[in-house]
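J.: First the structure, then my questions, so here it is.
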Amino acid sequence: MLRVMRYSSVNKPMTQNITEETLILLAYGELNAEQRKAAESAMAVNPDLRTFYQSVLQSNQLLNTIEENPHPTSVAIISEHSHDSHTEAV
């Protein structure tokens, strides 16, 4: 469940809601300019938001370093199926 994080800034007297989802979308570059500005303003005044955002960025970087290789048995099965399909077609 995503938490709603509230913040107030000097320029905006009303409390605004920034969710964890908003910060995740920011990390992936999925916010429009207005949403991005609101999220960045919120992080400027709320260290908890900044901390969460930094953890999302770190997780994203770690996930990008994972390299998966299929199990050799899976490759053999796919190769055999491909070969059999090609042989039947000819």
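Just so we're on the same page: first chain in the structure tokens is A, next is B, and so on; residues restart at 1 for each chain, and ligands are numbered from 1 in the order they show up.
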For Arg50 (chain A), list every protein, DNA or RNA residue within 12 Å, evaluated using only C-alpha atoms, and leave out those in the same chain fewer than 5 positions away; present the list as number ranges by chain.

T.: A: 5, 7, 18, 20, 23-24, 26-27, 39-45, 55-57

J.: Give me every strand (DSSP E or B) residue in region 3-83 of chain A, going by DSSP on the backbone, as an MDAnalysis selection string.

T.: chainID A and resid 4:7 16:19

J.: For the residues in that selection, give me N, CA and C atoms as a tab-separated table (two decimals), in the first residue's frame.

T.:
chain	number	residue	atom	x	y	z
A	4	VAL	N	0.53	8.21	1.60
A	4	VAL	CA	0.39	9.59	1.16
A	4	VAL	C	1.24	10.43	2.09
A	5	MET	N	2.10	11.23	1.50
A	5	MET	CA	2.97	12.09	2.29
A	5	MET	C	2.52	13.52	2.09
A	6	ARG	N	2.23	14.20	3.16
A	6	ARG	CA	1.74	15.57	3.07
A	6	ARG	C	2.88	16.54	3.34
A	7	TYR	N	2.82	17.65	2.67
A	7	TYR	CA	3.83	18.68	2.92
A	7	TYR	C	3.20	20.04	2.72
A	16	GLN	N	-0.33	19.88	0.39
A	16	GLN	CA	-0.41	19.10	-0.83
A	16	GLN	C	-0.09	17.65	-0.51
A	17	ASN	N	-0.61	16.73	-1.31
A	17	ASN	CA	-0.36	15.32	-1.12
A	17	ASN	C	0.59	14.82	-2.19
A	18	ILE	N	1.65	14.20	-1.74
A	18	ILE	CA	2.59	13.54	-2.64
A	18	ILE	C	2.62	12.08	-2.21
A	19	THR	N	2.30	11.18	-3.11
A	19	THR	CA	2.32	9.76	-2.76
A	19	THR	C	3.66	9.15	-3.12

J.: Distance CA of Thr51 (chain A)-CA of Asn64 (chain A), one decimal place?

T.: 20.1 Å

J.: To test your reading of the structure, identify every residue in region 25-77 of chain A that backbone DSSP assigns to alpha helix (DSSP H), and report it as an MDAnalysis selection string.

T.: chainID A and resid 25:27 33:45 47:63 72:77

J.: Would you export the selected residues with N, CA and C atoms as a compact mmCIF listing (two decimals), in the first residue's frame, please?

T.:
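Full text of part-v2.txt as output:
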# COMPACT_ATOMS: atom_id res chain seq x y z
N LEU A 25 7.17 7.50 -9.98
CA LEU A 25 6.98 7.99 -11.34
C LEU A 25 8.00 9.06 -11.68
N LEU A 26 8.34 9.90 -10.71
CA LEU A 26 9.38 10.91 -10.92
C LEU A 26 10.71 10.24 -11.23
N ALA A 27 11.06 9.22 -10.48
CA ALA A 27 12.33 8.53 -10.69
C ALA A 27 12.42 7.90 -12.07
N ALA A 33 5.66 18.19 -16.57
CA ALA A 33 6.47 19.26 -15.98
C ALA A 33 5.85 19.80 -14.69
N GLU A 34 4.55 19.97 -14.67
CA GLU A 34 3.88 20.50 -13.48
C GLU A 34 3.97 19.52 -12.30
N GLN A 35 3.73 18.25 -12.58
CA GLN A 35 3.82 17.24 -11.52
C GLN A 35 5.25 17.11 -11.00
N ARG A 36 6.20 17.15 -11.92
CA ARG A 36 7.62 17.06 -11.54
C ARG A 36 8.00 18.23 -10.64
N LYS A 37 7.56 19.43 -11.00
CA LYS A 37 7.87 20.61 -10.21
C LYS A 37 7.26 20.50 -8.81
N ALA A 38 6.03 20.01 -8.72
CA ALA A 38 5.37 19.85 -7.42
C ALA A 38 6.11 18.84 -6.56
N ALA A 39 6.53 17.73 -7.16
CA ALA A 39 7.26 16.70 -6.41
C ALA A 39 8.62 17.23 -5.95
N GLU A 40 9.30 17.94 -6.82
CA GLU A 40 10.61 18.50 -6.45
C GLU A 40 10.47 19.56 -5.36
N SER A 41 9.41 20.37 -5.43
CA SER A 41 9.16 21.37 -4.38
C SER A 41 8.89 20.68 -3.05
N ALA A 42 8.14 19.61 -3.11
CA ALA A 42 7.82 18.87 -1.88
C ALA A 42 9.08 18.29 -1.26
N MET A 43 9.95 17.74 -2.09
CA MET A 43 11.20 17.16 -1.58
C MET A 43 12.12 18.23 -1.00
N ALA A 44 12.02 19.45 -1.52
CA ALA A 44 12.87 20.53 -1.03
C ALA A 44 12.55 20.90 0.41
N VAL A 45 11.30 20.67 0.83
CA VAL A 45 10.91 21.05 2.19
C VAL A 45 10.66 19.86 3.11
N PRO A 47 12.35 16.26 4.22
CA PRO A 47 13.45 15.30 4.11
C PRO A 47 12.98 13.85 3.97
N ASP A 48 11.81 13.52 4.50
CA ASP A 48 11.30 12.15 4.35
C ASP A 48 11.01 11.82 2.88
N LEU A 49 10.47 12.80 2.18
CA LEU A 49 10.22 12.61 0.75
C LEU A 49 11.53 12.43 -0.01
N ARG A 50 12.51 13.27 0.32
CA ARG A 50 13.83 13.16 -0.33
C ARG A 50 14.45 11.80 -0.08
N THR A 51 14.36 11.33 1.17
CA THR A 51 14.94 10.04 1.53
C THR A 51 14.27 8.91 0.74
N PHE A 52 12.95 8.95 0.67
CA PHE A 52 12.24 7.91 -0.08
C PHE A 52 12.63 7.96 -1.55
N TYR A 53 12.67 9.15 -2.12
CA TYR A 53 13.04 9.30 -3.54
C TYR A 53 14.44 8.77 -3.80
N GLN A 54 15.38 9.07 -2.91
CA GLN A 54 16.75 8.57 -3.07
C GLN A 54 16.78 7.05 -3.01
N SER A 55 15.97 6.46 -2.15
CA SER A 55 15.94 4.99 -2.08
C SER A 55 15.37 4.39 -3.36
N VAL A 56 14.40 5.07 -3.95
CA VAL A 56 13.84 4.60 -5.23
C VAL A 56 14.92 4.67 -6.32
N LEU A 57 15.66 5.77 -6.35
CA LEU A 57 16.74 5.90 -7.35
C LEU A 57 17.80 4.81 -7.17
N GLN A 58 18.18 4.54 -5.92
CA GLN A 58 19.17 3.50 -5.65
C GLN A 58 18.65 2.13 -6.07
N SER A 59 17.40 1.84 -5.76
CA SER A 59 16.81 0.56 -6.15
C SER A 59 16.78 0.42 -7.67
N ASN A 60 16.42 1.50 -8.34
CA ASN A 60 16.38 1.50 -9.79
C ASN A 60 17.77 1.20 -10.37
N GLN A 61 18.79 1.82 -9.81
CA GLN A 61 20.16 1.58 -10.28
C GLN A 61 20.57 0.12 -10.06
N LEU A 62 20.22 -0.43 -8.90
CA LEU A 62 20.55 -1.83 -8.62
C LEU A 62 19.82 -2.78 -9.56
N LEU A 63 18.55 -2.50 -9.81
CA LEU A 63 17.78 -3.35 -10.71
C LEU A 63 18.37 -3.33 -12.13
N PRO A 72 20.44 -23.45 -19.06
CA PRO A 72 20.82 -24.19 -20.28
C PRO A 72 19.73 -25.15 -20.75
N THR A 73 19.00 -25.75 -19.83
CA THR A 73 17.93 -26.67 -20.23
C THR A 73 16.84 -25.92 -20.99
N SER A 74 16.52 -24.72 -20.55
CA SER A 74 15.51 -23.91 -21.25
C SER A 74 15.96 -23.59 -22.66
N VAL A 75 17.22 -23.24 -22.81
CA VAL A 75 17.77 -22.93 -24.14
C VAL A 75 17.70 -24.17 -25.02
N ALA A 76 18.04 -25.32 -24.48
CA ALA A 76 18.01 -26.56 -25.26
C ALA A 76 16.59 -26.90 -25.71
N ILE A 77 15.62 -26.74 -24.82
CA ILE A 77 14.22 -27.03 -25.17
C ILE A 77 13.74 -26.09 -26.27
